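Structure file target37.cif (mmCIF, C-alpha atoms) is printed below.
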```cif
data_query
#
loop_
_atom_site.label_atom_id
_atom_site.label_comp_id
_atom_site.auth_asym_id
_atom_site.auth_seq_id
_atom_site.Cartn_x
_atom_site.Cartn_y
_atom_site.Cartn_z
CA ARG Q 1 -89.88 -33.80 -87.72
CA ALA Q 2 -90.31 -30.59 -85.75
CA ALA Q 3 -89.91 -30.62 -82.00
CA ALA Q 4 -93.60 -30.89 -81.19
CA THR Q 5 -95.69 -33.37 -79.34
CA GLU Q 6 -97.72 -35.82 -81.33
CA ALA Q 7 -101.35 -34.90 -81.58
CA GLN Q 8 -102.60 -34.56 -78.08
CA LYS Q 9 -106.09 -34.12 -79.30
CA ASN Q 10 -107.74 -34.94 -82.59
CA GLU Q 11 -110.99 -33.25 -83.47
CA THR Q 12 -113.24 -33.21 -86.46
CA ARG Q 13 -114.53 -29.86 -87.56
CA LYS Q 14 -116.73 -29.69 -90.65
CA GLY Q 15 -115.48 -33.10 -91.75
CA ARG Q 16 -111.80 -32.16 -91.39
CA ALA Q 17 -109.42 -33.82 -88.96
CA MET Q 18 -107.84 -31.35 -86.55
CA ARG Q 19 -104.68 -31.79 -84.52
CA THR Q 20 -103.20 -29.89 -81.58
CA ALA Q 21 -99.43 -29.43 -81.40
CA ILE Q 22 -97.49 -27.90 -78.54
CA PHE Q 23 -94.10 -26.30 -79.18
CA LYS Q 24 -91.60 -25.17 -76.53
CA ILE Q 25 -90.10 -21.86 -77.66
CA GLU Q 26 -86.93 -20.00 -76.68
CA GLY Q 27 -86.18 -16.38 -77.40
CA MET Q 28 -89.36 -14.72 -76.17
CA HIS Q 29 -88.63 -11.75 -73.91
CA CYS Q 30 -92.12 -10.49 -73.12
CA GLY Q 31 -95.83 -10.86 -73.78
CA GLY Q 32 -95.38 -8.86 -76.97
CA CYS Q 33 -93.15 -11.63 -78.33
CA ALA Q 34 -95.88 -14.16 -77.56
CA ARG Q 35 -98.43 -11.98 -79.37
CA THR Q 36 -96.13 -11.68 -82.39
CA ILE Q 37 -95.91 -15.47 -82.65
CA GLU Q 38 -99.69 -15.81 -82.26
CA VAL Q 39 -100.33 -13.37 -85.11
CA LEU Q 40 -97.71 -15.01 -87.31
CA LEU Q 41 -99.06 -18.53 -86.78
CA SER Q 42 -102.67 -17.46 -87.22
CA THR Q 43 -101.88 -16.38 -90.79
CA GLU Q 44 -100.72 -19.89 -91.77
CA PRO Q 45 -103.27 -21.77 -93.91
CA GLY Q 46 -104.98 -24.52 -91.94
CA VAL Q 47 -104.35 -22.99 -88.51
CA ARG Q 48 -107.63 -22.66 -86.62
CA LYS Q 49 -106.58 -21.55 -83.13
CA VAL Q 50 -103.32 -20.38 -81.56
CA GLY Q 51 -102.40 -19.71 -77.96
CA VAL Q 52 -98.87 -18.62 -77.00
CA SER Q 53 -97.76 -18.25 -73.39
CA PHE Q 54 -94.70 -16.15 -72.57
CA GLU Q 55 -94.71 -17.49 -69.02
CA ALA Q 56 -94.79 -21.16 -70.11
CA ARG Q 57 -92.58 -20.48 -73.15
CA GLU Q 58 -94.89 -22.50 -75.37
CA ALA Q 59 -97.34 -22.35 -78.25
CA ARG Q 60 -100.46 -24.50 -78.52
CA ILE Q 61 -101.77 -24.72 -82.09
CA LEU Q 62 -104.98 -26.30 -83.40
CA PHE Q 63 -104.49 -27.01 -87.10
CA GLU Q 64 -105.57 -29.11 -90.08
CA PRO Q 65 -102.71 -31.59 -90.69
CA HIS Q 66 -103.75 -32.06 -94.32
CA THR Q 67 -103.25 -28.35 -94.94
CA VAL Q 68 -100.17 -27.45 -92.87
CA SER Q 69 -97.48 -29.57 -91.23
CA GLU Q 70 -95.86 -29.27 -87.81
CA ASP Q 71 -92.56 -28.66 -89.64
CA ARG Q 72 -94.10 -25.68 -91.44
CA LEU Q 73 -95.42 -24.28 -88.15
CA ALA Q 74 -91.99 -24.64 -86.54
CA ALA Q 75 -90.40 -22.95 -89.56
CA ALA Q 76 -92.80 -20.02 -89.22
CA ILE Q 77 -91.76 -19.57 -85.57
CA SER Q 78 -88.08 -19.80 -86.52
CA SER Q 79 -88.52 -17.26 -89.34
CA ALA Q 80 -89.46 -14.67 -86.71
CA GLY Q 81 -86.20 -15.25 -84.84
CA TYR Q 82 -87.43 -17.65 -82.15
CA SER Q 83 -86.29 -21.23 -81.55
CA VAL Q 84 -88.49 -24.32 -81.26
CA VAL Q 85 -86.46 -26.33 -78.77
CA ALA Q 86 -88.36 -29.28 -77.35
CA PRO Q 87 -91.74 -30.89 -77.07
CA SER Q 88 -93.80 -29.73 -74.16
CA ALA Q 89 -94.40 -32.33 -71.46
#
```

Rewritten as structure tokens:
Amino acid sequence: RAAATEAQKNETRKGRAMRTAIFKIEGMHCGGCARTIEVLLSTEPGVRKVGVSFEAREARILFEPHTVSEDRLAAAISSAGYSVVAPSA
């Protein structure tokens, strides 16, 4: 299982269960890196909202767990050269 917190928040949107995952990320060097990760994650099917903070070194992702998994989201981050290192507290 990817290094992400369990669903901190479950929502239902149009009859679909939603989950929020938070990933701690290493390898970002600036706000541009955070924006790159946001754009990359927002193209994943089932992702509804993405916020990435360079300062906090984390990504917060609202997604449909029946469409995309936390492992797939972590793999997308890794494919861009960043590391998912630990769940956010």

Can you tell me which residues surround Thr67 in chain Q at a distance of at most 8 Å, considering all atoms listed in the file, apart from same-chain residues fewer than 2 positions away, and format the answer as a VMD selection string? chain Q and resid 45 to 46 64 to 65 69

Please enumerate the residues selected by the PyMOL selection byres ((chain Q and resi 57) around 7) when evaluated against the supplied file, formatted as a ChimeraX atom specification. /Q:24-26,53-56,58

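In terms of minimum interatomic distance to Ser42 in chain Q, Q:Ala59 ranks closest within Q:Ala59, Q:Asp71, Q:Ser78, Q:Val85, counting all atoms listed in the file.
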
Counting all atoms listed in the file, which residue out of Q:Ile37, Q:Cys30, Q:Val50, Q:Ala21 sits closest to Ala80 in chain Q?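 Nearest candidate to Ala80 in chain Q out of Q:Ile37, Q:Cys30, Q:Val50, Q:Ala21: Q:Ile37.
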
Which of these, Q:Val68, Q:Ala75, Q:Ile61, Q:Val52, has the shortest distance to Cys33 in chain Q once you count only C-alpha atoms?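 When distances to Cys33 in chain Q are compared using only C-alpha atoms, the smallest one comes from Q:Val52.
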
Please return range 18-51 of chain Q, rebuilt to N, CA and C atoms, as an mmCIF file, keeping the file's coordinate frame.
```cif
data_model
loop_
_atom_site.group_PDB
_atom_site.id
_atom_site.type_symbol
_atom_site.label_atom_id
_atom_site.label_comp_id
_atom_site.auth_asym_id
_atom_site.auth_seq_id
_atom_site.Cartn_x
_atom_site.Cartn_y
_atom_site.Cartn_z
ATOM 1 N N MET Q 18 -108.608 -32.428 -87.166
ATOM 2 C CA MET Q 18 -107.840 -31.350 -86.550
ATOM 3 C C MET Q 18 -106.833 -31.973 -85.595
ATOM 4 N N ARG Q 19 -105.716 -31.310 -85.413
ATOM 5 C CA ARG Q 19 -104.680 -31.790 -84.520
ATOM 6 C C ARG Q 19 -104.184 -30.616 -83.672
ATOM 7 N N THR Q 20 -103.811 -30.905 -82.433
ATOM 8 C CA THR Q 20 -103.200 -29.890 -81.580
ATOM 9 C C THR Q 20 -101.737 -30.232 -81.373
ATOM 10 N N ALA Q 21 -100.862 -29.272 -81.639
ATOM 11 C CA ALA Q 21 -99.430 -29.430 -81.400
ATOM 12 C C ALA Q 21 -99.007 -28.411 -80.357
ATOM 13 N N ILE Q 22 -98.043 -28.806 -79.545
ATOM 14 C CA ILE Q 22 -97.490 -27.900 -78.540
ATOM 15 C C ILE Q 22 -95.993 -27.800 -78.782
ATOM 16 N N PHE Q 23 -95.517 -26.566 -78.943
ATOM 17 C CA PHE Q 23 -94.100 -26.300 -79.180
ATOM 18 C C PHE Q 23 -93.518 -25.527 -77.999
ATOM 19 N N LYS Q 24 -92.367 -25.953 -77.493
ATOM 20 C CA LYS Q 24 -91.600 -25.170 -76.530
ATOM 21 C C LYS Q 24 -90.768 -24.180 -77.338
ATOM 22 N N ILE Q 25 -90.750 -22.922 -76.896
ATOM 23 C CA ILE Q 25 -90.100 -21.860 -77.660
ATOM 24 C C ILE Q 25 -89.109 -21.101 -76.788
ATOM 25 N N GLU Q 26 -87.920 -20.859 -77.330
ATOM 26 C CA GLU Q 26 -86.930 -20.000 -76.680
ATOM 27 C C GLU Q 26 -86.803 -18.708 -77.456
ATOM 28 N N GLY Q 27 -86.429 -17.660 -76.753
ATOM 29 C CA GLY Q 27 -86.180 -16.380 -77.400
ATOM 30 C C GLY Q 27 -87.254 -15.338 -77.160
ATOM 31 N N MET Q 28 -88.345 -15.714 -76.498
ATOM 32 C CA MET Q 28 -89.360 -14.720 -76.170
ATOM 33 C C MET Q 28 -88.886 -13.928 -74.950
ATOM 34 N N HIS Q 29 -89.077 -12.607 -75.002
ATOM 35 C CA HIS Q 29 -88.630 -11.750 -73.910
ATOM 36 C C HIS Q 29 -89.786 -11.070 -73.170
ATOM 37 N N CYS Q 30 -90.988 -11.161 -73.748
ATOM 38 C CA CYS Q 30 -92.120 -10.490 -73.120
ATOM 39 C C CYS Q 30 -93.433 -10.996 -73.734
ATOM 40 N N GLY Q 31 -94.530 -10.499 -73.234
ATOM 41 C CA GLY Q 31 -95.830 -10.860 -73.780
ATOM 42 C C GLY Q 31 -96.009 -10.405 -75.214
ATOM 43 N N GLY Q 32 -95.323 -9.336 -75.588
ATOM 44 C CA GLY Q 32 -95.380 -8.860 -76.970
ATOM 45 C C GLY Q 32 -94.794 -9.880 -77.942
ATOM 46 N N CYS Q 33 -93.743 -10.564 -77.507
ATOM 47 C CA CYS Q 33 -93.150 -11.630 -78.330
ATOM 48 C C CYS Q 33 -94.178 -12.745 -78.542
ATOM 49 N N ALA Q 34 -94.863 -13.111 -77.468
ATOM 50 C CA ALA Q 34 -95.880 -14.160 -77.560
ATOM 51 C C ALA Q 34 -96.975 -13.727 -78.541
ATOM 52 N N ARG Q 35 -97.387 -12.485 -78.469
ATOM 53 C CA ARG Q 35 -98.430 -11.980 -79.370
ATOM 54 C C ARG Q 35 -97.953 -11.995 -80.819
ATOM 55 N N THR Q 36 -96.695 -11.647 -81.044
ATOM 56 C CA THR Q 36 -96.130 -11.680 -82.390
ATOM 57 C C THR Q 36 -96.212 -13.084 -82.979
ATOM 58 N N ILE Q 37 -95.860 -14.085 -82.176
ATOM 59 C CA ILE Q 37 -95.910 -15.470 -82.650
ATOM 60 C C ILE Q 37 -97.349 -15.893 -82.915
ATOM 61 N N GLU Q 38 -98.276 -15.487 -82.042
ATOM 62 C CA GLU Q 38 -99.690 -15.810 -82.260
ATOM 63 C C GLU Q 38 -100.174 -15.263 -83.597
ATOM 64 N N VAL Q 39 -99.881 -14.004 -83.866
ATOM 65 C CA VAL Q 39 -100.330 -13.370 -85.110
ATOM 66 C C VAL Q 39 -99.695 -14.070 -86.310
ATOM 67 N N LEU Q 40 -98.412 -14.345 -86.221
ATOM 68 C CA LEU Q 40 -97.710 -15.010 -87.310
ATOM 69 C C LEU Q 40 -98.309 -16.378 -87.610
ATOM 70 N N LEU Q 41 -98.510 -17.188 -86.573
ATOM 71 C CA LEU Q 41 -99.060 -18.530 -86.780
ATOM 72 C C LEU Q 41 -100.501 -18.497 -87.271
ATOM 73 N N SER Q 42 -101.264 -17.524 -86.817
ATOM 74 C CA SER Q 42 -102.670 -17.460 -87.220
ATOM 75 C C SER Q 42 -102.841 -17.153 -88.699
ATOM 76 N N THR Q 43 -101.794 -16.662 -89.352
ATOM 77 C CA THR Q 43 -101.880 -16.380 -90.790
ATOM 78 C C THR Q 43 -101.538 -17.605 -91.643
ATOM 79 N N GLU Q 44 -101.050 -18.672 -91.018
ATOM 80 C CA GLU Q 44 -100.720 -19.890 -91.770
ATOM 81 C C GLU Q 44 -102.013 -20.590 -92.207
ATOM 82 N N PRO Q 45 -102.088 -21.036 -93.462
ATOM 83 C CA PRO Q 45 -103.270 -21.770 -93.910
ATOM 84 C C PRO Q 45 -103.458 -23.031 -93.064
ATOM 85 N N GLY Q 46 -104.679 -23.319 -92.693
ATOM 86 C CA GLY Q 46 -104.980 -24.520 -91.940
ATOM 87 C C GLY Q 46 -104.903 -24.368 -90.429
ATOM 88 N N VAL Q 47 -104.414 -23.231 -89.953
ATOM 89 C CA VAL Q 47 -104.350 -22.990 -88.510
ATOM 90 C C VAL Q 47 -105.697 -22.427 -88.077
ATOM 91 N N ARG Q 48 -106.306 -23.065 -87.085
ATOM 92 C CA ARG Q 48 -107.630 -22.660 -86.620
ATOM 93 C C ARG Q 48 -107.607 -21.915 -85.299
ATOM 94 N N LYS Q 49 -106.643 -22.218 -84.430
ATOM 95 C CA LYS Q 49 -106.580 -21.550 -83.130
ATOM 96 C C LYS Q 49 -105.139 -21.585 -82.634
ATOM 97 N N VAL Q 50 -104.685 -20.467 -82.074
ATOM 98 C CA VAL Q 50 -103.320 -20.380 -81.560
ATOM 99 C C VAL Q 50 -103.350 -19.727 -80.183
ATOM 100 N N GLY Q 51 -102.611 -20.312 -79.267
ATOM 101 C CA GLY Q 51 -102.400 -19.710 -77.960
ATOM 102 C C GLY Q 51 -100.920 -19.793 -77.643
#
```
